[in-house]
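target_19.csv (CSV, C-alpha atoms and all ligand atoms)
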chain,number,residue,atom,x,y,z
G,1,MET,CA,-14.0,19.0,-6.8
G,2,ALA,CA,-15.1,16.6,-4.1
G,3,ASP,CA,-13.1,15.9,-0.9
G,4,PHE,CA,-12.3,12.4,-2.2
G,5,GLU,CA,-12.3,12.2,-6.0
G,6,ILE,CA,-12.1,9.0,-8.0
G,7,LYS,CA,-11.3,9.8,-11.6
G,8,ASP,CA,-11.6,7.3,-14.4
G,9,LEU,CA,-10.1,4.6,-12.3
G,10,ARG,CA,-9.1,1.5,-14.2
G,11,ALA,CA,-7.7,-1.6,-12.5
G,12,SER,CA,-6.9,-5.2,-13.3
G,13,VAL,CA,-6.4,-8.5,-11.4
G,14,GLU,CA,-4.2,-11.3,-12.7
G,15,GLY,CA,-4.1,-9.6,-16.1
G,16,LYS,CA,-7.9,-9.3,-16.3
G,17,GLU,CA,-9.4,-5.9,-16.7
G,18,ILE,CA,-11.9,-5.4,-13.9
G,19,LEU,CA,-12.5,-1.7,-13.3
G,20,LYS,CA,-13.1,0.0,-16.7
G,21,GLY,CA,-13.2,3.7,-15.7
G,22,VAL,CA,-14.9,4.5,-12.4
G,23,THR,CA,-15.5,8.1,-11.6
G,24,LEU,CA,-17.0,9.1,-8.3
G,25,GLY,CA,-16.7,12.1,-5.9
G,26,ILE,CA,-17.3,11.7,-2.2
G,27,ASN,CA,-17.6,14.7,0.0
G,28,LYS,CA,-17.2,14.5,3.8
G,29,GLY,CA,-20.7,14.4,5.2
G,30,GLU,CA,-22.0,12.2,2.4
G,31,VAL,CA,-22.8,8.6,2.3
G,32,HIS,CA,-22.5,6.9,-1.1
G,33,ALA,CA,-23.6,3.4,-1.7
G,34,VAL,CA,-22.1,1.3,-4.5
G,35,MET,CA,-24.3,-1.7,-5.4
G,36,GLY,CA,-23.7,-4.4,-7.9
G,37,PRO,CA,-24.0,-8.1,-8.7
G,38,ASN,CA,-21.3,-10.6,-7.7
G,39,GLY,CA,-18.1,-10.2,-9.7
G,40,SER,CA,-18.9,-6.6,-10.9
G,41,GLY,CA,-15.7,-5.3,-9.3
G,42,LYS,CA,-16.9,-3.9,-6.0
G,43,SER,CA,-14.1,-5.4,-3.9
G,44,THR,CA,-11.6,-4.6,-6.6
G,45,LEU,CA,-12.7,-0.9,-6.2
G,46,SER,CA,-12.2,-1.1,-2.5
G,47,TYR,CA,-8.8,-2.8,-2.8
G,48,ALA,CA,-7.7,-0.4,-5.5
G,49,LEU,CA,-8.6,2.6,-3.3
G,50,MET,CA,-6.7,1.1,-0.3
G,51,GLY,CA,-3.6,0.0,-2.3
G,52,HIS,CA,-3.8,-3.8,-2.3
G,53,PRO,CA,-0.6,-5.0,-4.1
G,54,GLY,CA,-2.5,-7.7,-6.0
G,55,TYR,CA,-4.6,-5.1,-7.8
G,56,LYS,CA,-2.9,-3.3,-10.7
G,57,ILE,CA,-3.9,0.3,-11.4
G,58,ASP,CA,-4.1,0.8,-15.2
G,59,GLY,CA,-5.2,4.4,-15.2
G,60,GLY,CA,-7.0,7.2,-13.5
G,61,GLU,CA,-6.4,8.9,-10.2
G,62,VAL,CA,-7.8,9.2,-6.7
G,63,LEU,CA,-7.4,12.7,-5.3
G,64,PHE,CA,-7.5,13.3,-1.6
G,65,LYS,CA,-6.0,16.1,0.4
G,66,GLY,CA,-4.3,17.5,-2.6
G,67,GLN,CA,-2.5,14.4,-3.8
G,68,ASN,CA,-3.1,11.3,-5.9
G,69,VAL,CA,-3.2,8.5,-3.3
G,70,LEU,CA,-2.7,5.8,-5.9
G,71,GLY,CA,1.1,6.3,-5.5
G,72,LEU,CA,1.0,5.9,-1.7
G,73,GLU,CA,1.5,2.7,0.4
G,74,PRO,CA,-1.6,1.4,2.2
G,75,ASP,CA,-0.4,2.5,5.6
G,76,VAL,CA,0.2,6.1,4.3
G,77,ARG,CA,-3.3,6.1,2.9
G,78,ALA,CA,-4.6,4.9,6.3
G,79,ARG,CA,-2.7,7.7,8.1
G,80,LEU,CA,-4.2,10.2,5.7
G,81,GLY,CA,-7.6,9.1,7.0
G,82,ILE,CA,-8.8,6.4,4.6
G,83,PHE,CA,-10.2,3.3,6.1
G,84,LEU,CA,-11.3,0.0,4.6
G,85,ALA,CA,-13.5,-2.5,6.3
G,86,PHE,CA,-12.8,-5.8,4.5
G,87,GLN,CA,-15.4,-8.1,3.0
G,88,TYR,CA,-13.4,-11.0,4.3
G,89,PRO,CA,-11.5,-9.9,7.4
G,90,VAL,CA,-8.4,-12.0,8.0
G,91,VAL,CA,-7.3,-13.8,11.1
G,92,VAL,CA,-4.1,-12.4,12.6
G,93,PRO,CA,-2.7,-14.9,15.1
G,94,GLY,CA,-0.5,-13.5,17.8
G,95,ILE,CA,-1.9,-10.0,17.9
G,96,SER,CA,-4.7,-9.2,20.3
G,97,MET,CA,-7.5,-6.9,19.4
G,98,THR,CA,-6.5,-4.5,22.1
G,99,ASN,CA,-2.9,-4.3,21.1
G,100,PHE,CA,-3.8,-3.9,17.5
G,101,LEU,CA,-6.3,-1.1,18.2
G,102,ARG,CA,-3.8,0.7,20.5
G,103,THR,CA,-1.0,0.4,18.0
G,104,ALA,CA,-3.1,1.6,15.2
G,105,ILE,CA,-4.3,4.7,17.1
G,106,ASN,CA,-0.7,5.5,18.1
G,107,ALA,CA,0.5,5.1,14.6
G,108,GLN,CA,-2.3,7.4,13.4
G,109,ARG,CA,-1.2,10.0,16.0
G,110,GLY,CA,2.4,9.8,14.9
G,111,TYR,CA,3.7,8.1,18.0
G,112,ASP,CA,7.0,6.5,17.2
G,113,GLY,CA,7.8,5.1,20.6
G,114,LYS,CA,9.6,8.2,21.7
G,115,ASP,CA,7.4,11.2,22.1
G,116,LYS,CA,5.0,10.0,24.9
G,117,SER,CA,2.8,13.0,24.5
G,118,LYS,CA,1.5,11.6,21.2
G,119,GLN,CA,0.6,8.2,22.8
G,120,VAL,CA,-3.0,7.4,23.6
G,121,SER,CA,-3.3,7.2,27.4
G,122,PRO,CA,-4.7,4.0,28.9
G,123,LYS,CA,-7.6,6.0,30.3
G,124,GLU,CA,-8.5,7.6,27.0
G,125,PHE,CA,-8.2,4.3,25.2
G,126,ARG,CA,-10.4,2.5,27.7
G,127,SER,CA,-13.1,5.1,27.6
G,128,MET,CA,-13.1,5.2,23.7
G,129,LEU,CA,-13.4,1.5,23.6
G,130,LYS,CA,-16.1,1.2,26.2
G,131,GLY,CA,-18.5,3.5,24.3
G,132,GLU,CA,-17.9,1.9,20.9
G,133,LEU,CA,-18.3,-1.7,22.3
G,134,GLU,CA,-21.6,-0.7,23.8
G,135,VAL,CA,-23.0,0.6,20.5
G,136,LEU,CA,-21.9,-2.5,18.7
G,137,HIS,CA,-23.2,-4.8,21.4
G,138,MET,CA,-19.8,-6.4,21.8
G,139,ASP,CA,-18.4,-7.4,25.2
G,140,ASP,CA,-14.9,-7.0,26.5
G,141,SER,CA,-14.1,-10.7,26.0
G,142,PHE,CA,-13.2,-9.8,22.4
G,143,LEU,CA,-10.3,-7.6,23.4
G,144,PRO,CA,-7.6,-10.1,24.6
G,145,ARG,CA,-8.4,-12.4,21.7
G,146,TYR,CA,-6.3,-12.6,18.5
G,147,ILE,CA,-7.7,-10.5,15.7
G,148,ASN,CA,-10.6,-12.4,14.2
G,149,ASP,CA,-9.4,-15.7,15.6
G,150,GLY,CA,-12.4,-17.9,16.1
G,151,PHE,CA,-14.7,-14.9,15.6
G,152,SER,CA,-18.1,-15.7,13.9
G,153,GLY,CA,-18.9,-14.0,10.6
G,154,GLY,CA,-20.9,-11.3,12.4
G,155,GLU,CA,-18.2,-10.8,15.1
G,156,LYS,CA,-15.6,-10.2,12.4
G,157,LYS,CA,-17.7,-7.6,10.7
G,158,ARG,CA,-18.4,-5.9,14.0
G,159,ALA,CA,-14.7,-5.9,14.8
G,160,GLU,CA,-14.1,-4.1,11.5
G,161,ILE,CA,-16.6,-1.4,12.5
G,162,LEU,CA,-15.0,-1.2,15.9
G,163,GLN,CA,-11.7,-0.4,14.2
G,164,MET,CA,-13.4,2.3,12.2
G,165,ALA,CA,-15.0,3.8,15.3
G,166,MET,CA,-11.7,3.9,17.1
G,167,LEU,CA,-9.6,5.2,14.2
G,168,LYS,CA,-12.2,7.9,13.1
G,169,PRO,CA,-11.3,8.0,9.4
G,170,GLU,CA,-12.4,10.8,7.1
G,171,ILE,CA,-13.2,8.4,4.3
G,172,ALA,CA,-14.5,5.0,5.2
G,173,ILE,CA,-15.1,2.2,2.6
G,174,LEU,CA,-17.2,-0.6,3.9
G,175,ASP,CA,-17.0,-3.6,1.7
G,176,GLU,CA,-20.1,-5.8,2.2
G,177,THR,CA,-20.1,-5.2,5.9
G,178,ASP,CA,-23.7,-6.5,5.9
G,179,SER,CA,-23.1,-9.8,4.2
G,180,GLY,CA,-23.3,-12.7,6.5
G,181,LEU,CA,-24.9,-10.6,9.3
G,182,ASP,CA,-28.2,-11.5,10.9
G,183,ILE,CA,-30.7,-8.7,11.1
G,184,ASP,CA,-29.8,-7.7,14.7
G,185,SER,CA,-26.1,-7.4,13.8
G,186,ILE,CA,-27.0,-5.3,10.7
G,187,LYS,CA,-28.9,-2.9,13.0
G,188,PHE,CA,-26.0,-2.7,15.5
G,189,VAL,CA,-23.5,-2.0,12.7
G,190,ALA,CA,-25.8,0.5,11.1
G,191,GLU,CA,-26.3,2.3,14.4
G,192,ALA,CA,-22.5,2.5,14.9
G,193,VAL,CA,-22.1,3.9,11.4
G,194,ASN,CA,-24.9,6.3,11.8
G,195,ARG,CA,-23.4,7.6,15.0
G,196,MET,CA,-20.2,8.3,13.1
G,197,ARG,CA,-22.0,10.1,10.3
G,198,GLY,CA,-21.3,13.8,10.2
G,199,PRO,CA,-19.4,16.6,8.5
G,200,ASN,CA,-16.0,15.0,9.1
G,201,LEU,CA,-16.8,11.6,7.5
G,202,GLY,CA,-17.5,10.5,4.0
G,203,VAL,CA,-18.7,6.9,3.6
G,204,LEU,CA,-18.7,4.5,0.7
G,205,ILE,CA,-20.9,1.5,1.5
G,206,ILE,CA,-20.4,-1.3,-0.9
G,207,THR,CA,-23.3,-3.8,-0.8
G,208,HIS,CA,-25.0,-6.5,-2.8
G,209,TYR,CA,-28.3,-6.1,-1.1
G,210,THR,CA,-30.5,-3.1,-0.3
G,211,ARG,CA,-31.3,-4.2,3.2
G,212,ILE,CA,-28.5,-2.3,5.0
G,213,LEU,CA,-29.6,0.8,3.2
G,214,GLU,CA,-32.8,0.8,5.0
G,215,PHE,CA,-30.8,1.5,8.2
G,216,ILE,CA,-28.1,3.6,6.7
G,217,LYS,CA,-29.8,5.9,4.3
G,218,PRO,CA,-27.4,6.8,1.5
G,219,ASP,CA,-27.3,10.2,-0.1
G,220,PHE,CA,-26.3,8.7,-3.4
G,221,VAL,CA,-26.5,5.2,-4.9
G,222,HIS,CA,-24.3,4.0,-7.8
G,223,VAL,CA,-24.8,0.7,-9.6
G,224,LEU,CA,-21.7,-1.0,-10.7
G,225,VAL,CA,-22.0,-3.6,-13.5
G,226,ASP,CA,-19.0,-5.1,-15.2
G,227,GLY,CA,-16.5,-2.5,-13.8
G,228,ARG,CA,-18.6,0.5,-14.8
G,229,PHE,CA,-21.3,2.6,-13.2
G,230,VAL,CA,-24.5,2.1,-15.1
G,231,LEU,CA,-26.7,4.2,-13.0
G,232,SER,CA,-26.3,6.9,-10.3
G,233,GLY,CA,-28.9,8.7,-8.3
G,234,GLY,CA,-30.4,9.2,-4.9
G,235,SER,CA,-31.6,6.5,-2.5
G,236,GLU,CA,-34.5,5.8,-4.8
G,237,VAL,CA,-32.1,3.9,-7.0
G,238,ALA,CA,-31.8,1.3,-4.2
G,239,ASP,CA,-35.6,1.1,-4.1
G,240,ARG,CA,-35.7,0.4,-7.8
G,241,LEU,CA,-33.1,-2.3,-7.5
G,242,GLU,CA,-35.2,-3.9,-4.8
G,243,THR,CA,-37.9,-4.5,-7.3
G,244,THR,CA,-36.1,-5.0,-10.5
G,245,GLY,CA,-32.8,-6.5,-9.5
G,246,TYR,CA,-29.6,-6.1,-11.6
G,247,SER,CA,-30.7,-7.9,-14.7
G,248,GLU,CA,-31.9,-4.8,-16.6
G,249,TRP,CA,-28.4,-3.3,-16.3
G,250,MET,CA,-26.4,-6.4,-17.3
G,251,GLU,CA,-26.5,-5.4,-20.9
G,252,ALA,CA,-26.3,-1.6,-20.5
G,253,ASP,CA,-23.4,-0.1,-22.3
G,254,GLU,CA,-24.0,3.6,-21.7
G,255,PRO,CA,-23.8,5.0,-18.1
G,256,ALA,CA,-27.0,6.7,-17.1
G,257,VAL,CA,-27.5,9.4,-14.6
G,258,LEU,CA,-31.2,9.7,-14.0
G,259,ALA,CA,-33.0,12.6,-12.5
G,260,LYS,CA,-35.0,11.7,-9.4
G,261,GLU,CA,-38.4,11.5,-11.1
G,262,GLU,CA,-37.1,9.2,-13.9
G,263,VAL,CA,-35.9,6.6,-11.4
G,264,SER,CA,-39.1,5.7,-9.7
H,301,LIG,P1,-17.4,-8.2,-6.3
H,301,LIG,O1,-16.7,-7.7,-5.1
H,301,LIG,O2,-18.2,-7.1,-7.0
H,301,LIG,O3,-18.1,-9.4,-6.2
H,301,LIG,P2,-14.6,-8.5,-7.2
H,301,LIG,O4,-14.0,-7.2,-7.3
H,301,LIG,O5,-14.3,-9.3,-6.0
H,301,LIG,O6,-16.2,-8.5,-7.4
H,301,LIG,O7,-14.2,-9.4,-8.5
H,301,LIG,C1,-14.3,-8.9,-9.8
H,301,LIG,C2,-13.8,-9.9,-10.8
H,301,LIG,O8,-12.4,-10.0,-10.6
H,301,LIG,C3,-14.4,-11.3,-10.6
H,301,LIG,O9,-14.5,-11.8,-11.9
H,301,LIG,C4,-13.3,-12.0,-9.9
H,301,LIG,O10,-13.4,-13.4,-10.2
H,301,LIG,C5,-12.1,-11.4,-10.3
H,301,LIG,N1,-11.0,-11.4,-9.3
H,301,LIG,C6,-11.0,-10.7,-8.2
H,301,LIG,N2,-9.9,-11.0,-7.4
H,301,LIG,C7,-9.2,-11.9,-8.1
H,301,LIG,C8,-8.0,-12.5,-7.9
H,301,LIG,N3,-7.3,-12.4,-6.8
H,301,LIG,N4,-7.5,-13.4,-8.9
H,301,LIG,C9,-8.3,-13.6,-10.0
H,301,LIG,N5,-9.4,-13.0,-10.3
H,301,LIG,C10,-9.9,-12.1,-9.4
H,302,MG,MG,-16.8,-8.3,-3.1
Go through the file and emit its structure as structure tokens.
Amino acid sequence: MADFEIKDLRASVEGKEILKGVTLGINKGEVHAVMGPNGSGKSTLSYALMGHPGYKIDGGEVLFKGQNVLGLEPDVRARLGIFLAFQYPVVVPGISMTNFLRTAINAQRGYDGKDKSKQVSPKEFRSMLKGELEVLHMDDSFLPRYINDGFSGGEKKRAEILQMAMLKPEIAILDETDSGLDIDSIKFVAEAVNRMRGPNLGVLIITHYTRILEFIKPDFVHVLVDGRFVLSGGSEVADRLETTGYSEWMEADEPAVLAKEEVS
């Protein structure tokens, strides 16, 4: 069994069935891309994995560290090491980026305001931030600002990746982090993610376009159409989509797992 195992996940929104049985195993050290047309259920998958209250789980399980995380609150999932970068990051007035990042790291370390030894020291916090800001080509002026307040689309996406870099999750779900980014920002974001790649991190990159996958090479690519995977394979699946688009899968009713040579 994989480190993070999604088994026959079914979910609905506003009474409408969206995910119709999604199965996917992600091991730490692997990068999986989920690609699909608009409305196929990609964000629903990411919200279901993180525990968004508006998305109802109708069946299946998600196993991580010996438990089904579907029964856990989002903050508990986050502390277990699951991270979601939102497709549409929200503005949080009144909370600065610095305060938020510091509080999140402290929460992750189990600091409850009492045991100071668990608290991130100002020095460690500053040095962590400095390195990550550099990779993302962000300057310090972000830090005192309220979360996403007045940030451009690209800045919001980079701020999401900054959170990921600071929190060092074990499973990271990036929901269309590339959408709305110019090519330079895609490269910075890709560089930051590539730097985090390694044996302690499993990544699920959700994307509509193949472009970001030129910079973050996935080990596996899965095509989601109408709430089901219709094709899974290696990075060559993305190359195929680049030429054929999604149309050939729109009518597929049987999932296909193609061997490498069949895909090209
Ligand atoms: P994707 O991210 O692949 O574009 P989504 O998961 O956002 O797709 O949406 C899948 C389907 O669920 C779409 O038909 C969308 O309109 C519907 N949907 C998503 N969120 C809501 C919601 N909050 N209320 C009603 N319908 C929703
Ligand atoms: Mg989406």
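Among G:Asp226, G:Glu61, G:Asp112, G:Asp75, the residue with the shortest atom-to-atom distance to ligand LIG 301 (chain H), counting only C-alpha atoms and all ligand atoms, is G:Asp226.
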Could you tell me which of G:Glu132, G:Glu5, G:Asp175, G:Glu30 comes closest to ligand MG 302 (chain H) if we count all atoms listed in the file?
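Of G:Glu132, G:Glu5, G:Asp175, G:Glu30, the one nearest ligand MG 302 (chain H), counting all atoms listed in the file, is G:Asp175.
Checking G:Gln108, G:Asn68, G:Gln87, G:Thr98 one by one against Phe4 of chain G, counting only C-alpha atoms, you find the shortest gap at G:Asn68.
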Residues of chain G within 8 Å of ligand MG 302 (chain H): nearest atom pair and distance (Å, one decimal) for each, counting only C-alpha atoms and all ligand atoms, sorted by chain and number, as JSON lines?
{"residue": "G:Asn38", "atom": "CA", "partner": "H:MG302", "partner_atom": "MG", "distance": 6.8}
{"residue": "G:Gly39", "atom": "CA", "partner": "H:MG302", "partner_atom": "MG", "distance": 7.0}
{"residue": "G:Gly41", "atom": "CA", "partner": "H:MG302", "partner_atom": "MG", "distance": 7.0}
{"residue": "G:Lys42", "atom": "CA", "partner": "H:MG302", "partner_atom": "MG", "distance": 5.3}
{"residue": "G:Ser43", "atom": "CA", "partner": "H:MG302", "partner_atom": "MG", "distance": 4.0}
{"residue": "G:Thr44", "atom": "CA", "partner": "H:MG302", "partner_atom": "MG", "distance": 7.3}
{"residue": "G:Gln87", "atom": "CA", "partner": "H:MG302", "partner_atom": "MG", "distance": 6.3}
{"residue": "G:Asp175", "atom": "CA", "partner": "H:MG302", "partner_atom": "MG", "distance": 6.7}
{"residue": "G:Glu176", "atom": "CA", "partner": "H:MG302", "partner_atom": "MG", "distance": 6.7}
With C-alpha atoms kept, could you save the residues just selected as an mmCIF file, in the coordinates of the input?
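And here's out-v2.cif as it stands now:
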data_model
loop_
_atom_site.group_PDB
_atom_site.id
_atom_site.type_symbol
_atom_site.label_atom_id
_atom_site.label_comp_id
_atom_site.auth_asym_id
_atom_site.auth_seq_id
_atom_site.Cartn_x
_atom_site.Cartn_y
_atom_site.Cartn_z
ATOM 1 C CA ASN G 38 -21.300 -10.600 -7.700
ATOM 2 C CA GLY G 39 -18.100 -10.200 -9.700
ATOM 3 C CA GLY G 41 -15.700 -5.300 -9.300
ATOM 4 C CA LYS G 42 -16.900 -3.900 -6.000
ATOM 5 C CA SER G 43 -14.100 -5.400 -3.900
ATOM 6 C CA THR G 44 -11.600 -4.600 -6.600
ATOM 7 C CA GLN G 87 -15.400 -8.100 3.000
ATOM 8 C CA ASP G 175 -17.000 -3.600 1.700
ATOM 9 C CA GLU G 176 -20.100 -5.800 2.200
#
Select the residues contacting ligand LIG 301 (chain H) at a distance of at most 12 Å, based on all atoms listed in the file, then format the selection as a VMD selection string.
chain G and resid 11 to 20 34 to 49 52 to 56 86 to 88 174 to 177 179 206 to 209 223 to 229
Output file for the residues above (C-alpha atoms, as a tab-separated table (two decimals), keeping the file's coordinate frame):
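Final output, saved to result-v2.tsv:
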chain	number	residue	atom	x	y	z
G	11	ALA	CA	-7.70	-1.60	-12.50
G	12	SER	CA	-6.90	-5.20	-13.30
G	13	VAL	CA	-6.40	-8.50	-11.40
G	14	GLU	CA	-4.20	-11.30	-12.70
G	15	GLY	CA	-4.10	-9.60	-16.10
G	16	LYS	CA	-7.90	-9.30	-16.30
G	17	GLU	CA	-9.40	-5.90	-16.70
G	18	ILE	CA	-11.90	-5.40	-13.90
G	19	LEU	CA	-12.50	-1.70	-13.30
G	20	LYS	CA	-13.10	0.00	-16.70
G	34	VAL	CA	-22.10	1.30	-4.50
G	35	MET	CA	-24.30	-1.70	-5.40
G	36	GLY	CA	-23.70	-4.40	-7.90
G	37	PRO	CA	-24.00	-8.10	-8.70
G	38	ASN	CA	-21.30	-10.60	-7.70
G	39	GLY	CA	-18.10	-10.20	-9.70
G	40	SER	CA	-18.90	-6.60	-10.90
G	41	GLY	CA	-15.70	-5.30	-9.30
G	42	LYS	CA	-16.90	-3.90	-6.00
G	43	SER	CA	-14.10	-5.40	-3.90
G	44	THR	CA	-11.60	-4.60	-6.60
G	45	LEU	CA	-12.70	-0.90	-6.20
G	46	SER	CA	-12.20	-1.10	-2.50
G	47	TYR	CA	-8.80	-2.80	-2.80
G	48	ALA	CA	-7.70	-0.40	-5.50
G	49	LEU	CA	-8.60	2.60	-3.30
G	52	HIS	CA	-3.80	-3.80	-2.30
G	53	PRO	CA	-0.60	-5.00	-4.10
G	54	GLY	CA	-2.50	-7.70	-6.00
G	55	TYR	CA	-4.60	-5.10	-7.80
G	56	LYS	CA	-2.90	-3.30	-10.70
G	86	PHE	CA	-12.80	-5.80	4.50
G	87	GLN	CA	-15.40	-8.10	3.00
G	88	TYR	CA	-13.40	-11.00	4.30
G	174	LEU	CA	-17.20	-0.60	3.90
G	175	ASP	CA	-17.00	-3.60	1.70
G	176	GLU	CA	-20.10	-5.80	2.20
G	177	THR	CA	-20.10	-5.20	5.90
G	179	SER	CA	-23.10	-9.80	4.20
G	206	ILE	CA	-20.40	-1.30	-0.90
G	207	THR	CA	-23.30	-3.80	-0.80
G	208	HIS	CA	-25.00	-6.50	-2.80
G	209	TYR	CA	-28.30	-6.10	-1.10
G	223	VAL	CA	-24.80	0.70	-9.60
G	224	LEU	CA	-21.70	-1.00	-10.70
G	225	VAL	CA	-22.00	-3.60	-13.50
G	226	ASP	CA	-19.00	-5.10	-15.20
G	227	GLY	CA	-16.50	-2.50	-13.80
G	228	ARG	CA	-18.60	0.50	-14.80
G	229	PHE	CA	-21.30	2.60	-13.20
G:Met164, G:Leu133, G:Val91, G:Val120: which is nearest Arg145 of chain G, counting only C-alpha atoms?
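Of the candidates, the smallest distance to Arg145 of chain G is held by G:Val91.
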Can you tell me, as a PyMOL selection string, what residues are no more than 10 Å from Ala238 of chain G when counting all atoms listed in the file, ignoring any on the same chain fewer than 6 positions away?
chain G and resi 33-35+209-211+213-214+217-218+220-223+232+244-245+263
So which one's closest to Leu201 of chain G, G:Lys168, G:Arg158, G:Gly60, G:Ser141? Using all atoms listed in the file, please.
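Smallest distance to Leu201 of chain G is found for G:Lys168.
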Rounded to one decimal place, report the atom CA of Gly131 of chain G-atom CA of Val92 of chain G distance in Å.
24.4 Å
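Between Arg79 of chain G and the residues G:Arg240, G:Lys65, G:Arg102, G:Arg109, the shortest atom-to-atom distance, using all atoms listed in the file, involves G:Arg109.
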Within 7 Å of segment 185-198 of chain G using all atoms listed in the file, minus same-chain residues under 5 positions, as a list in words
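The neighbour list is Gly29, Val135, Leu136, His137, Gly154, Arg158, Ile161, Asp178, Ile212, Phe215 and Ile216 of chain G.
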Quick one: residues within 8 Å of (-5.2, -12.3, 20.2) (file frame), counting all atoms listed in the file, please, as a PyMOL selection string.
chain G and resi 92-97+143-147+149
Taken to one decimal, the atom CA of Ile171 of chain G-atom CA of Lys123 of chain G distance is 26.7 Å
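Distance-wise, atom CA of Lys157 of chain G and atom CA of Lys28 of chain G end up 23.2 Å apart.
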Quick one: residues within 8 Å of Ile26 of chain G, all atoms listed in the file counted, chain neighbours fewer than 4 positions away excluded, as a ChimeraX atom specification?
/G:2-5,30-32,202-204
What's around Glu155 of chain G at 9 Å? Count all atoms listed in the file, leave out sequence neighbours fewer than 6 positions away in its own chain, and write the answer as a PyMOL selection string.
chain G and resi 138+142+148+181+185
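The residues that lie within 9 Å of the point (-8.2, 8.7, 6.9), counting only C-alpha atoms, are Arg77, Ala78, Arg79, Leu80, Gly81, Ile82, Phe83, Gln108, Leu167, Lys168, Pro169, Glu170, Ile171 and Ala172 of chain G.
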